[in-house]
$ cat upload_30.cif   # mmCIF, C-alpha atoms
data_protein
loop_
_atom_site.label_atom_id
_atom_site.label_comp_id
_atom_site.auth_asym_id
_atom_site.auth_seq_id
_atom_site.Cartn_x
_atom_site.Cartn_y
_atom_site.Cartn_z
CA MET A 76 160.66 124.51 88.34
CA ASP A 77 159.69 123.20 91.76
CA PRO A 78 156.30 121.45 91.37
CA THR A 79 154.82 123.31 94.36
CA GLU A 80 155.79 126.66 92.81
CA LEU A 81 154.47 125.47 89.44
CA ALA A 82 151.15 124.59 91.11
CA ALA A 83 150.93 128.09 92.63
CA GLN A 84 151.43 129.66 89.20
CA VAL A 85 148.81 127.37 87.65
CA ILE A 86 146.30 128.36 90.34
CA ALA A 87 147.15 132.02 89.68
CA GLY A 88 146.05 131.52 86.07
CA ASN A 89 149.47 131.63 84.39
CA ARG A 90 148.88 130.06 80.95
CA ARG A 91 152.56 129.29 80.38
CA ALA A 92 152.71 127.52 83.73
CA LEU A 93 149.59 125.52 82.82
CA ALA A 94 151.19 124.39 79.56
CA ARG A 95 154.35 123.37 81.42
CA ALA A 96 152.33 121.52 84.04
CA ILE A 97 150.47 119.50 81.40
CA THR A 98 153.79 118.67 79.71
CA LEU A 99 155.07 117.45 83.08
CA VAL A 100 152.11 115.16 83.77
CA GLU A 101 152.29 113.75 80.23
CA SER A 102 155.94 112.78 80.66
CA ALA A 103 156.73 109.11 81.29
CA ARG A 104 160.11 109.78 82.94
CA PRO A 105 160.14 108.35 86.49
CA ASP A 106 161.50 111.58 88.01
CA HIS A 107 158.82 113.59 86.19
CA ARG A 108 156.12 111.24 87.46
CA GLU A 109 157.24 111.89 91.04
CA GLN A 110 157.13 115.65 90.43
CA ALA A 111 153.71 115.28 88.78
CA ILE A 112 152.32 113.56 91.88
CA VAL A 113 153.52 116.47 94.05
CA LEU A 114 152.02 118.92 91.53
CA MET A 115 148.63 117.18 91.47
CA ASP A 116 148.51 117.09 95.28
CA ALA A 117 149.33 120.81 95.43
CA ILE A 118 146.63 121.99 93.02
CA LYS A 119 143.89 120.46 95.17
CA SER A 120 144.16 123.56 97.36
CA ALA A 121 142.50 125.60 94.59
CA GLY A 122 139.18 123.92 95.38
CA ARG A 123 137.72 124.87 92.01
CA VAL A 124 135.05 122.88 90.18
CA ALA A 125 134.57 123.29 86.43
CA MET A 126 132.05 121.67 84.12
CA ARG A 127 133.82 118.84 82.32
CA VAL A 128 132.28 118.05 78.95
CA GLY A 129 133.39 115.02 76.94
CA LEU A 130 132.80 115.18 73.19
CA SER A 131 133.03 112.40 70.65
CA GLY A 132 131.83 111.76 67.14
CA THR A 133 132.58 110.04 63.89
CA PRO A 134 135.46 111.46 61.78
CA GLY A 135 134.34 114.35 59.61
CA VAL A 136 131.30 115.17 61.72
CA GLY A 137 132.67 118.63 62.49
CA LYS A 138 133.94 118.28 66.06
CA SER A 139 136.54 121.03 65.72
CA THR A 140 134.08 123.43 64.06
CA PHE A 141 131.52 122.71 66.77
CA ILE A 142 134.06 123.26 69.56
CA GLU A 143 135.16 126.57 68.06
CA SER A 144 131.60 127.87 67.62
CA PHE A 145 130.46 126.57 71.00
CA GLY A 146 133.60 127.84 72.74
CA MET A 147 133.26 131.31 71.24
CA MET A 148 129.62 131.45 72.36
CA LEU A 149 130.61 130.51 75.92
CA ILE A 150 133.36 133.13 75.99
CA ARG A 151 130.88 135.79 74.86
CA GLU A 152 128.76 134.78 77.86
CA GLY A 153 131.71 135.41 80.17
CA TYR A 154 133.10 131.89 80.64
CA LYS A 155 136.71 130.75 80.42
CA VAL A 156 137.04 127.70 78.20
CA ALA A 157 139.76 125.03 78.01
CA VAL A 158 139.90 122.51 75.16
CA LEU A 159 141.84 119.27 75.46
CA ALA A 160 141.89 117.82 71.97
CA VAL A 161 143.25 114.28 71.83
CA ASP A 162 144.72 113.52 68.41
CA PRO A 163 145.65 110.18 66.88
CA SER A 164 149.39 109.59 67.21
CA SER A 165 152.03 109.21 64.58
CA SER A 166 153.42 105.67 64.67
CA ARG A 167 156.87 107.10 63.91
CA SER A 168 157.23 110.08 66.26
CA GLY A 169 154.39 109.43 68.72
CA GLY A 170 153.18 113.00 68.24
CA SER A 171 149.79 114.38 67.22
CA ILE A 172 149.05 114.14 63.51
CA LEU A 173 145.83 116.12 63.04
CA GLY A 174 146.78 119.41 64.67
CA ASP A 175 143.30 120.35 65.90
CA LYS A 176 144.60 123.63 67.30
CA THR A 177 145.31 124.91 63.79
CA ARG A 178 141.65 124.29 62.87
CA MET A 179 140.32 126.51 65.69
CA GLU A 180 141.80 129.79 64.56
CA LEU A 181 139.34 132.14 66.28
CA LEU A 182 139.26 130.24 69.57
CA SER A 183 143.02 129.82 69.72
CA ARG A 184 143.42 133.62 69.65
CA GLU A 185 141.04 134.21 72.56
CA ARG A 186 142.73 135.11 75.85
CA HIS A 187 139.94 133.38 77.78
CA ALA A 188 140.50 130.12 75.90
CA PHE A 189 143.21 127.50 76.29
CA ILE A 190 143.66 124.77 73.67
CA ARG A 191 145.96 121.82 74.19
CA PRO A 192 146.26 119.01 71.62
CA SER A 193 147.72 115.79 73.02
CA PRO A 194 148.72 112.58 71.22
CA SER A 195 146.68 109.53 72.21
CA GLN A 196 149.82 107.38 71.77
CA SER A 197 148.95 103.72 72.40
CA GLU A 198 146.03 104.44 74.70
CA LEU A 199 142.58 103.02 74.02
CA GLY A 200 139.46 104.97 74.82
CA GLY A 201 140.15 107.93 72.57
CA VAL A 202 141.91 109.86 75.31
CA ALA A 203 145.51 110.17 76.35
CA ARG A 204 146.40 108.41 79.59
CA ARG A 205 147.10 111.69 81.39
CA THR A 206 144.14 113.64 80.01
CA ARG A 207 142.41 113.25 83.38
CA GLU A 208 145.27 115.07 85.12
CA ALA A 209 145.29 117.76 82.42
CA VAL A 210 141.56 118.29 83.11
CA SER A 211 142.28 118.79 86.82
CA LEU A 212 145.05 121.28 86.00
CA CYS A 213 142.74 123.34 83.76
CA GLU A 214 140.12 123.27 86.52
CA ALA A 215 142.65 124.55 89.06
CA ALA A 216 143.75 127.27 86.61
CA GLY A 217 140.26 128.78 86.75
CA TYR A 218 138.67 127.57 83.52
CA ASP A 219 134.91 127.27 83.91
CA ILE A 220 134.21 124.75 81.14
CA ILE A 221 136.61 122.07 79.94
CA LEU A 222 135.87 120.40 76.61
CA ILE A 223 137.54 117.02 76.11
CA GLU A 224 137.54 116.13 72.42
CA THR A 225 138.32 112.48 71.76
CA VAL A 226 139.89 110.77 68.76
CA GLY A 227 136.63 109.40 67.38
CA VAL A 228 133.97 106.80 67.90
CA GLY A 229 135.20 103.34 68.84
CA GLN A 230 134.33 100.48 71.16
CA SER A 231 136.74 101.69 73.85
CA GLU A 232 135.71 105.35 73.45
CA THR A 233 133.50 105.10 76.51
CA VAL A 234 136.45 105.78 78.84
CA VAL A 235 135.92 109.52 78.23
CA SER A 236 132.79 109.26 80.39
CA GLU A 237 135.07 108.41 83.32
CA MET A 238 136.55 111.92 83.30
CA SER A 239 133.60 114.11 82.31
CA ASP A 240 130.41 115.37 83.95
CA LEU A 241 128.56 115.42 80.66
CA PHE A 242 129.11 113.38 77.51
CA LEU A 243 128.08 114.69 74.09
CA LEU A 244 127.91 112.53 70.99
CA LEU A 245 128.16 114.53 67.77
CA LEU A 246 126.71 112.95 64.63
CA ALA A 247 126.26 113.94 60.99
CA PRO A 248 122.93 113.81 59.12
CA ALA A 249 122.22 111.41 56.27
CA GLY A 250 125.07 109.12 57.18
CA GLY A 251 123.44 106.01 55.74
CA ASP A 252 121.93 103.59 58.22
CA GLU A 253 122.16 105.99 61.14
CA LEU A 254 121.04 103.65 63.89
CA GLN A 255 123.79 101.17 62.97
CA GLY A 256 126.38 103.92 62.59
CA VAL A 257 127.34 104.06 66.25
CA LYS A 258 127.95 101.25 68.74
CA ARG A 259 125.23 100.75 71.33
CA GLY A 260 127.80 101.15 74.11
CA ILE A 261 128.53 104.76 73.26
CA MET A 262 124.80 105.46 72.82
CA GLU A 263 124.22 104.24 76.36
CA ILE A 264 126.72 106.66 77.90
CA ALA A 265 125.74 109.74 75.86
CA ASP A 266 123.90 112.43 77.81
CA MET A 267 123.04 114.34 74.65
CA ILE A 268 123.23 113.51 70.96
CA LEU A 269 123.84 116.54 68.76
CA VAL A 270 123.15 116.12 65.06
CA ASN A 271 125.51 118.66 63.49
CA LYS A 272 125.41 120.30 60.04
CA ALA A 273 121.69 121.04 60.36
CA ASP A 274 121.87 123.75 57.72
CA GLY A 275 121.34 124.23 53.99
CA ASP A 276 120.43 121.14 52.02
CA LEU A 277 121.14 118.90 55.02
CA LYS A 278 118.67 120.57 57.38
CA ALA A 279 115.78 118.22 56.59
CA ALA A 280 118.03 115.16 56.77
CA ALA A 281 119.36 116.36 60.12
CA LYS A 282 115.85 116.58 61.53
CA ARG A 283 115.08 113.04 60.36
CA THR A 284 118.32 111.72 61.83
CA CYS A 285 117.57 113.51 65.12
CA ALA A 286 114.10 111.93 65.23
CA ASP A 287 115.62 108.48 64.60
CA TYR A 288 118.05 108.86 67.50
CA ALA A 289 115.42 110.36 69.80
CA GLY A 290 113.37 107.23 69.20
CA ALA A 291 116.37 104.99 69.81
CA LEU A 292 117.16 106.75 73.09
CA ARG A 293 113.67 106.02 74.38
CA LEU A 294 114.37 102.31 73.98
CA ILE A 295 117.51 102.44 76.14
CA ARG A 296 117.04 101.64 79.81
CA LYS A 297 116.50 104.69 82.02
CA ARG A 298 119.55 105.70 84.05
CA PRO A 299 119.15 106.78 87.70
CA TYR A 300 121.17 109.95 87.19
CA ASP A 301 118.98 111.37 84.38
CA PRO A 302 115.97 113.67 84.84
CA GLU A 303 112.88 113.34 82.68
CA GLY A 304 113.68 114.00 79.01
CA PHE A 305 117.33 112.90 79.15
CA PRO A 306 119.31 111.63 77.41
CA LYS A 307 118.05 113.63 74.47
CA ALA A 308 118.81 114.28 70.80
CA THR A 309 118.79 117.70 69.17
CA THR A 310 120.05 119.41 66.01
CA VAL A 311 122.77 122.05 65.81
CA SER A 312 124.64 123.92 63.12
CA ALA A 313 128.16 124.80 64.16
CA LEU A 314 128.61 126.67 60.87
CA GLU A 315 125.60 128.94 61.37
CA GLU A 316 125.80 128.80 65.20
CA ASP A 317 122.20 127.65 65.29
CA GLY A 318 120.95 125.52 68.18
CA LEU A 319 124.07 126.07 70.30
CA GLU A 320 122.34 128.24 72.90
CA GLN A 321 119.54 125.71 73.34
CA ALA A 322 122.09 122.89 73.66
CA TRP A 323 123.94 124.89 76.32
CA THR A 324 120.68 125.55 78.20
CA ASP A 325 119.98 121.80 78.16
CA MET A 326 123.47 121.02 79.44
CA GLN A 327 123.12 123.48 82.32
CA ALA A 328 119.72 122.07 83.23
CA LEU A 329 121.09 118.53 83.33
CA ILE A 330 124.11 119.44 85.46
CA SER A 331 121.95 121.49 87.85
CA TRP A 332 119.55 118.57 88.33
CA ARG A 333 122.44 116.18 89.00
CA ARG A 334 123.97 118.59 91.53
CA ASP A 335 120.65 119.04 93.32
CA HIS A 336 120.06 115.27 93.54
CA GLY A 337 123.60 114.33 94.62
CA HIS A 338 124.56 112.57 91.39
CA PHE A 339 127.26 115.09 90.44
CA ASP A 340 129.43 114.50 93.51
CA SER A 341 128.80 110.75 93.65
CA ARG A 342 129.77 110.40 89.98
CA ARG A 343 133.04 112.25 90.53
CA ALA A 344 133.78 110.02 93.51
CA GLU A 345 133.21 106.91 91.37
CA GLN A 346 135.47 108.35 88.68
CA ALA A 347 138.26 108.91 91.22
CA LYS A 348 138.01 105.24 92.28
CA TYR A 349 138.11 104.16 88.62
CA TRP A 350 141.33 106.10 87.95
CA PHE A 351 142.88 104.80 91.16
CA ALA A 352 142.36 101.26 89.84
CA GLN A 353 143.74 102.28 86.44
CA GLU A 354 146.92 103.68 88.02
CA ILE A 355 147.48 100.41 89.85
CA ARG A 356 147.04 98.44 86.61
CA HIS A 357 149.49 100.67 84.75
CA GLY A 358 151.98 100.39 87.60
CA LEU A 359 151.80 96.61 87.60
CA MET A 360 152.20 96.45 83.83
CA SER A 361 155.27 98.68 84.00
CA GLN A 362 156.82 96.33 86.57
CA LEU A 363 156.27 93.40 84.21
CA ALA A 364 158.16 95.29 81.50
CA ARG A 365 161.31 95.55 83.65
CA GLU A 366 164.03 93.00 84.34
CA PRO A 367 164.19 90.32 85.59
CA LEU A 368 160.47 89.75 85.00
CA LYS A 369 160.72 90.78 81.34
CA SER A 370 163.22 88.00 80.55
CA MET A 371 161.19 85.51 82.56
CA ILE A 372 158.04 86.41 80.61
CA ASP A 373 159.90 86.10 77.30
CA ASP A 374 161.18 82.63 78.27
CA LEU A 375 157.75 81.47 79.43
CA ALA A 376 156.13 82.85 76.28
CA GLY A 377 158.43 80.62 74.24
CA GLN A 378 157.47 77.59 76.35
CA VAL A 379 153.77 78.41 75.93
CA ALA A 380 154.22 78.74 72.17
CA SER A 381 155.96 75.37 71.94
CA GLY A 382 153.29 73.69 74.06
CA GLU A 383 155.64 72.80 76.93
CA ILE A 384 153.39 74.52 79.48
CA THR A 385 149.89 76.00 79.46
CA PRO A 386 149.20 79.76 79.49
CA SER A 387 147.60 79.42 82.94
CA HIS A 388 150.71 77.70 84.32
CA ALA A 389 153.01 80.37 82.86
CA ALA A 390 150.84 83.21 84.17
CA ARG A 391 150.83 81.65 87.67
CA ASP A 392 154.65 81.52 87.64
CA VAL A 393 154.90 85.19 86.64
CA LEU A 394 152.44 86.28 89.32
CA GLU A 395 154.30 84.25 91.95
CA ALA A 396 157.57 85.93 90.94
CA LEU A 397 155.89 89.34 91.11
CA ARG A 398 154.40 88.56 94.52
CA HIS A 399 157.78 87.57 95.97
CA GLY A 400 159.49 90.58 94.54
#
$ encode --input "upload_30.cif" --output "structure tokens"
Amino acid sequence: MDPTELAAQVIAGNRRALARAITLVESARPDHREQAIVLMDAIKSAGRVAMRVGLSGTPGVGKSTFIESFGMMLIREGYKVAVLAVDPSSSRSGGSILGDKTRMELLSRERHAFIRPSPSQSELGGVARRTREAVSLCEAAGYDIILIETVGVGQSETVVSEMSDLFLLLLAPAGGDELQGVKRGIMEIADMILVNKADGDLKAAAKRTCADYAGALRLIRKRPYDPEGFPKATTVSALEEDGLEQAWTDMQALISWRRDHGHFDSRRAEQAKYWFAQEIRHGLMSQLAREPLKSMIDDLAGQVASGEITPSHAARDVLEALRHG
């Protein structure tokens, strides 16, 4: 399909067209990349702005259960919800191996919900390289809230904050030494920490864990784009759907404050610059993987390994060759 026509169908809310568009932007084929650029330029005419919510958490914390319960609540309130669930990739096929969509049975049957699992492939940061473009496509298709579920907590997980307006960190109660359980880096980018599974025998432990994190957040340096009281920690139970409405109220309050004080638009502008730089880096790396530079790099790598030349010398030669085309 012509990418301009595909864009028109996405903007019209055609779910099949949206799925095809995401498949197109995820493709690494050079001809598909050219079509994807035309597609992404065309959807800008929709002029729609959704709330982009990044979500991360340790494995087993209940991310899929939370997303289903939270998504169903939002749909009942009249919102359209898109879920981009980034799965770890199979080292053999490159495809998703967890199948998050199969674990959101109720949400996947909702006509006002769209769920798309994507393999993370070799990308760091817990998100697929083209997740950012998939987010823009869902926004253009008329979804009000886009939930971006990442692979799991890791040192490079923070990249999800570069494509979301709000970043949630989901944690489990009684996980041992809670304050050492998550890297400081991801704590510093979290807008809200949600302690899940605050029900049954774990309810008291969840409250203690929440208090621990609330105390830890007060020790982190205040960010200019946070109102008083944020970032904050709270308890939720995805299983019993308890605390979800309060969490949603808090999210809306935070986004409203950022809009009113100009932080929402400025943050999106900074994110666009970040992804521009990332595209350039990826483009340069792909050039280095093609001949004749690939053979040159292989030869120089051998010379570096044998001690004939230094790494700095070899890198200078490669960059000179790249500069002169």
$ residues_around --input "upload_30.cif" --residues "Ser120 of chain A" --least-positions-apart "4" --cutoff "9 Å" --atoms "all atoms listed in the file" --output "CSV table (one decimal) with C-alpha atoms, keeping the file's coordinate frame"
chain,number,residue,atom,x,y,z
A,86,ILE,CA,146.3,128.4,90.3
A,116,ASP,CA,148.5,117.1,95.3
A,215,ALA,CA,142.6,124.6,89.1
$ atom_distance --input "upload_30.cif" --atom1 "atom CA of Arg365 of chain A" --atom2 "atom CA of Ser381 of chain A"
23.9 Å
$ closest_residue --input "upload_30.cif" --among "A:Thr385, A:Thr79, A:Gln84, A:Thr284" --to "Pro248 of chain A" --atoms "all atoms listed in the file"
A:Thr284
$ closest_residue --input "upload_30.cif" --among "A:Ile142, A:Met238, A:Ala216, A:Ala94" --to "Ala313 of chain A" --atoms "only C-alpha atoms"
A:Ile142
$ resolve_selection --input "upload_30.cif" --expression "the PyMOL selection byres ((chain A and resi 97-100) around 12)" --output "PDB file with C-alpha atoms, in the frame of the given file"
ATOM      1  CA  MET A  76     160.660 124.510  88.340  1.00  0.00           C
ATOM      2  CA  ASP A  77     159.690 123.200  91.760  1.00  0.00           C
ATOM      3  CA  PRO A  78     156.300 121.450  91.370  1.00  0.00           C
ATOM      4  CA  LEU A  81     154.470 125.470  89.440  1.00  0.00           C
ATOM      5  CA  ALA A  82     151.150 124.590  91.110  1.00  0.00           C
ATOM      6  CA  VAL A  85     148.810 127.370  87.650  1.00  0.00           C
ATOM      7  CA  ARG A  90     148.880 130.060  80.950  1.00  0.00           C
ATOM      8  CA  ARG A  91     152.560 129.290  80.380  1.00  0.00           C
ATOM      9  CA  ALA A  92     152.710 127.520  83.730  1.00  0.00           C
ATOM     10  CA  LEU A  93     149.590 125.520  82.820  1.00  0.00           C
ATOM     11  CA  ALA A  94     151.190 124.390  79.560  1.00  0.00           C
ATOM     12  CA  ARG A  95     154.350 123.370  81.420  1.00  0.00           C
ATOM     13  CA  ALA A  96     152.330 121.520  84.040  1.00  0.00           C
ATOM     14  CA  GLU A 101     152.290 113.750  80.230  1.00  0.00           C
ATOM     15  CA  SER A 102     155.940 112.780  80.660  1.00  0.00           C
ATOM     16  CA  ALA A 103     156.730 109.110  81.290  1.00  0.00           C
ATOM     17  CA  ARG A 104     160.110 109.780  82.940  1.00  0.00           C
ATOM     18  CA  PRO A 105     160.140 108.350  86.490  1.00  0.00           C
ATOM     19  CA  ASP A 106     161.500 111.580  88.010  1.00  0.00           C
ATOM     20  CA  HIS A 107     158.820 113.590  86.190  1.00  0.00           C
ATOM     21  CA  ARG A 108     156.120 111.240  87.460  1.00  0.00           C
ATOM     22  CA  GLU A 109     157.240 111.890  91.040  1.00  0.00           C
ATOM     23  CA  GLN A 110     157.130 115.650  90.430  1.00  0.00           C
ATOM     24  CA  ALA A 111     153.710 115.280  88.780  1.00  0.00           C
ATOM     25  CA  ILE A 112     152.320 113.560  91.880  1.00  0.00           C
ATOM     26  CA  VAL A 113     153.520 116.470  94.050  1.00  0.00           C
ATOM     27  CA  LEU A 114     152.020 118.920  91.530  1.00  0.00           C
ATOM     28  CA  MET A 115     148.630 117.180  91.470  1.00  0.00           C
ATOM     29  CA  LEU A 159     141.840 119.270  75.460  1.00  0.00           C
ATOM     30  CA  PHE A 189     143.210 127.500  76.290  1.00  0.00           C
ATOM     31  CA  ILE A 190     143.660 124.770  73.670  1.00  0.00           C
ATOM     32  CA  ARG A 191     145.960 121.820  74.190  1.00  0.00           C
ATOM     33  CA  PRO A 192     146.260 119.010  71.620  1.00  0.00           C
ATOM     34  CA  SER A 193     147.720 115.790  73.020  1.00  0.00           C
ATOM     35  CA  PRO A 194     148.720 112.580  71.220  1.00  0.00           C
ATOM     36  CA  ALA A 203     145.510 110.170  76.350  1.00  0.00           C
ATOM     37  CA  ARG A 204     146.400 108.410  79.590  1.00  0.00           C
ATOM     38  CA  ARG A 205     147.100 111.690  81.390  1.00  0.00           C
ATOM     39  CA  THR A 206     144.140 113.640  80.010  1.00  0.00           C
ATOM     40  CA  ARG A 207     142.410 113.250  83.380  1.00  0.00           C
ATOM     41  CA  GLU A 208     145.270 115.070  85.120  1.00  0.00           C
ATOM     42  CA  ALA A 209     145.290 117.760  82.420  1.00  0.00           C
ATOM     43  CA  VAL A 210     141.560 118.290  83.110  1.00  0.00           C
ATOM     44  CA  SER A 211     142.280 118.790  86.820  1.00  0.00           C
ATOM     45  CA  LEU A 212     145.050 121.280  86.000  1.00  0.00           C
ATOM     46  CA  CYS A 213     142.740 123.340  83.760  1.00  0.00           C
ATOM     47  CA  ALA A 216     143.750 127.270  86.610  1.00  0.00           C
TER      48      ALA A 216
END
$ residues_around --input "upload_30.cif" --residues "segment 339-356 of chain A" --least-positions-apart "2" --cutoff "9 Å" --atoms "all atoms listed in the file" --output "NGL selection string"
:A and (207 or 236-240 or 300 or 330-337 or 358-361)
$ atom_distance --input "upload_30.cif" --atom1 "atom CA of Gly137 of chain A" --atom2 "atom CA of Ile261 of chain A"
18.0 Å
$ closest_residue --input "upload_30.cif" --among "A:Glu180, A:Glu316, A:Asp301, A:Asp392" --to "Ala273 of chain A" --atoms "all atoms listed in the file"
A:Glu316
$ closest_residue --input "upload_30.cif" --among "A:Gly217, A:Gly146, A:Pro306, A:Gly132" --to "Leu245 of chain A" --atoms "all atoms listed in the file"
A:Gly132
$ atom_distance --input "upload_30.cif" --atom1 "atom CA of Ala157 of chain A" --atom2 "atom CA of Gly304 of chain A"
28.3 Å
$ residues_around --input "upload_30.cif" --residues "Gln321 of chain A" --least-positions-apart "5" --cutoff "10 Å" --atoms "all atoms listed in the file" --output "PyMOL selection string"
chain A and resi 309-311+326-327
$ residues_around --input "upload_30.cif" --residues "Arg298 of chain A" --least-positions-apart "2" --cutoff "12 Å" --atoms "all atoms listed in the file" --output "ChimeraX atom specification"
/A:263-266,292-296,300-306,333,338
$ residues_around --input "upload_30.cif" --residues "Lys282 of chain A" --least-positions-apart "3" --cutoff "12 Å" --atoms "only C-alpha atoms" --output "mmCIF file with C-alpha atoms, keeping the file's coordinate frame"
data_model
loop_
_atom_site.group_PDB
_atom_site.id
_atom_site.type_symbol
_atom_site.label_atom_id
_atom_site.label_comp_id
_atom_site.auth_asym_id
_atom_site.auth_seq_id
_atom_site.Cartn_x
_atom_site.Cartn_y
_atom_site.Cartn_z
ATOM 1 C CA LEU A 246 126.710 112.950 64.630
ATOM 2 C CA ALA A 247 126.260 113.940 60.990
ATOM 3 C CA PRO A 248 122.930 113.810 59.120
ATOM 4 C CA ALA A 249 122.220 111.410 56.270
ATOM 5 C CA LEU A 269 123.840 116.540 68.760
ATOM 6 C CA VAL A 270 123.150 116.120 65.060
ATOM 7 C CA ASN A 271 125.510 118.660 63.490
ATOM 8 C CA LYS A 272 125.410 120.300 60.040
ATOM 9 C CA ALA A 273 121.690 121.040 60.360
ATOM 10 C CA ASP A 274 121.870 123.750 57.720
ATOM 11 C CA ASP A 276 120.430 121.140 52.020
ATOM 12 C CA LEU A 277 121.140 118.900 55.020
ATOM 13 C CA LYS A 278 118.670 120.570 57.380
ATOM 14 C CA ALA A 279 115.780 118.220 56.590
ATOM 15 C CA CYS A 285 117.570 113.510 65.120
ATOM 16 C CA ALA A 286 114.100 111.930 65.230
ATOM 17 C CA ASP A 287 115.620 108.480 64.600
ATOM 18 C CA TYR A 288 118.050 108.860 67.500
ATOM 19 C CA ALA A 289 115.420 110.360 69.800
ATOM 20 C CA ALA A 308 118.810 114.280 70.800
ATOM 21 C CA THR A 309 118.790 117.700 69.170
ATOM 22 C CA THR A 310 120.050 119.410 66.010
ATOM 23 C CA VAL A 311 122.770 122.050 65.810
ATOM 24 C CA SER A 312 124.640 123.920 63.120
#
$ resolve_selection --input "upload_30.cif" --expression "the PyMOL selection byres ((chain A and resi 372) around 12)" --output "ChimeraX atom specification"
/A:362-371,373-379,386,388-394,396-397
$ write_last_selection --input "upload_30.cif" --atoms "C-alpha atoms" --output "short mmCIF file (atom, residue, chain, number, x, y, z; two decimals), in the coordinates of the input"
data_model
loop_
_atom_site.label_atom_id
_atom_site.label_comp_id
_atom_site.auth_asym_id
_atom_site.auth_seq_id
_atom_site.Cartn_x
_atom_site.Cartn_y
_atom_site.Cartn_z
CA GLN A 362 156.82 96.33 86.57
CA LEU A 363 156.27 93.40 84.21
CA ALA A 364 158.16 95.29 81.50
CA ARG A 365 161.31 95.55 83.65
CA GLU A 366 164.03 93.00 84.34
CA PRO A 367 164.19 90.32 85.59
CA LEU A 368 160.47 89.75 85.00
CA LYS A 369 160.72 90.78 81.34
CA SER A 370 163.22 88.00 80.55
CA MET A 371 161.19 85.51 82.56
CA ASP A 373 159.90 86.10 77.30
CA ASP A 374 161.18 82.63 78.27
CA LEU A 375 157.75 81.47 79.43
CA ALA A 376 156.13 82.85 76.28
CA GLY A 377 158.43 80.62 74.24
CA GLN A 378 157.47 77.59 76.35
CA VAL A 379 153.77 78.41 75.93
CA PRO A 386 149.20 79.76 79.49
CA HIS A 388 150.71 77.70 84.32
CA ALA A 389 153.01 80.37 82.86
CA ALA A 390 150.84 83.21 84.17
CA ARG A 391 150.83 81.65 87.67
CA ASP A 392 154.65 81.52 87.64
CA VAL A 393 154.90 85.19 86.64
CA LEU A 394 152.44 86.28 89.32
CA ALA A 396 157.57 85.93 90.94
CA LEU A 397 155.89 89.34 91.11
#
$ closest_residue --input "upload_30.cif" --among "A:Leu329, A:Val235, A:Leu319, A:Ala87" --to "Gly129 of chain A" --atoms "only C-alpha atoms"
A:Val235
$ axis_aligned_box --input "upload_30.cif" --around "segment 370-375 of chain A" --padding-each-side "3 Å" --output "lines of an AutoDock Vina configuration file"
center_x = 160.5
center_y = 84.7
center_z = 79.9
size_x = 11.5
size_y = 12.5
size_z = 11.3
$ resolve_selection --input "upload_30.cif" --expression "the PyMOL selection byres ((chain A and resi 130) around 8)" --output "list in words"
Val128, Gly129, Ser131, Gly132, Lys138, Leu222, Ile223, Glu224, Thr225, Phe242, Leu243, Leu244 and Leu245 of chain A
$ closest_residue --input "upload_30.cif" --among "A:Arg127, A:His187, A:Pro299, A:Ile268" --to "Gly153 of chain A" --atoms "only C-alpha atoms"
A:His187
$ decode --input "upload_30.cif" --residues "segment 108-115 of chain A" --atoms "N, CA, C and O atoms" --output "mmCIF file, in the first residue's frame"
data_model
loop_
_atom_site.group_PDB
_atom_site.id
_atom_site.type_symbol
_atom_site.label_atom_id
_atom_site.label_comp_id
_atom_site.auth_asym_id
_atom_site.auth_seq_id
_atom_site.Cartn_x
_atom_site.Cartn_y
_atom_site.Cartn_z
ATOM 1 N N ARG A 108 12.227 1.330 4.896
ATOM 2 C CA ARG A 108 12.601 2.496 5.684
ATOM 3 C C ARG A 108 12.229 3.783 4.962
ATOM 4 O O ARG A 108 11.772 4.752 5.567
ATOM 5 N N GLU A 109 12.421 3.811 3.642
ATOM 6 C CA GLU A 109 12.046 4.997 2.860
ATOM 7 C C GLU A 109 10.542 5.218 2.921
ATOM 8 O O GLU A 109 10.073 6.350 3.085
ATOM 9 N N GLN A 110 9.768 4.125 2.795
ATOM 10 C CA GLN A 110 8.312 4.239 2.886
ATOM 11 C C GLN A 110 7.888 4.673 4.290
ATOM 12 O O GLN A 110 6.936 5.450 4.448
ATOM 13 N N ALA A 111 8.608 4.174 5.301
ATOM 14 C CA ALA A 111 8.272 4.527 6.682
ATOM 15 C C ALA A 111 8.479 6.020 6.937
ATOM 16 O O ALA A 111 7.702 6.645 7.669
ATOM 17 N N ILE A 112 9.507 6.593 6.337
ATOM 18 C CA ILE A 112 9.755 8.031 6.506
ATOM 19 C C ILE A 112 8.611 8.845 5.909
ATOM 20 O O ILE A 112 8.127 9.809 6.517
ATOM 21 N N VAL A 113 8.139 8.418 4.727
ATOM 22 C CA VAL A 113 6.988 9.090 4.095
ATOM 23 C C VAL A 113 5.748 8.946 4.981
ATOM 24 O O VAL A 113 4.992 9.904 5.190
ATOM 25 N N LEU A 114 5.552 7.737 5.522
ATOM 26 C CA LEU A 114 4.409 7.466 6.397
ATOM 27 C C LEU A 114 4.437 8.356 7.633
ATOM 28 O O LEU A 114 3.430 8.977 7.990
ATOM 29 N N MET A 115 5.602 8.440 8.289
ATOM 30 C CA MET A 115 5.703 9.216 9.516
ATOM 31 C C MET A 115 5.508 10.711 9.258
ATOM 32 O O MET A 115 4.955 11.435 10.093
#
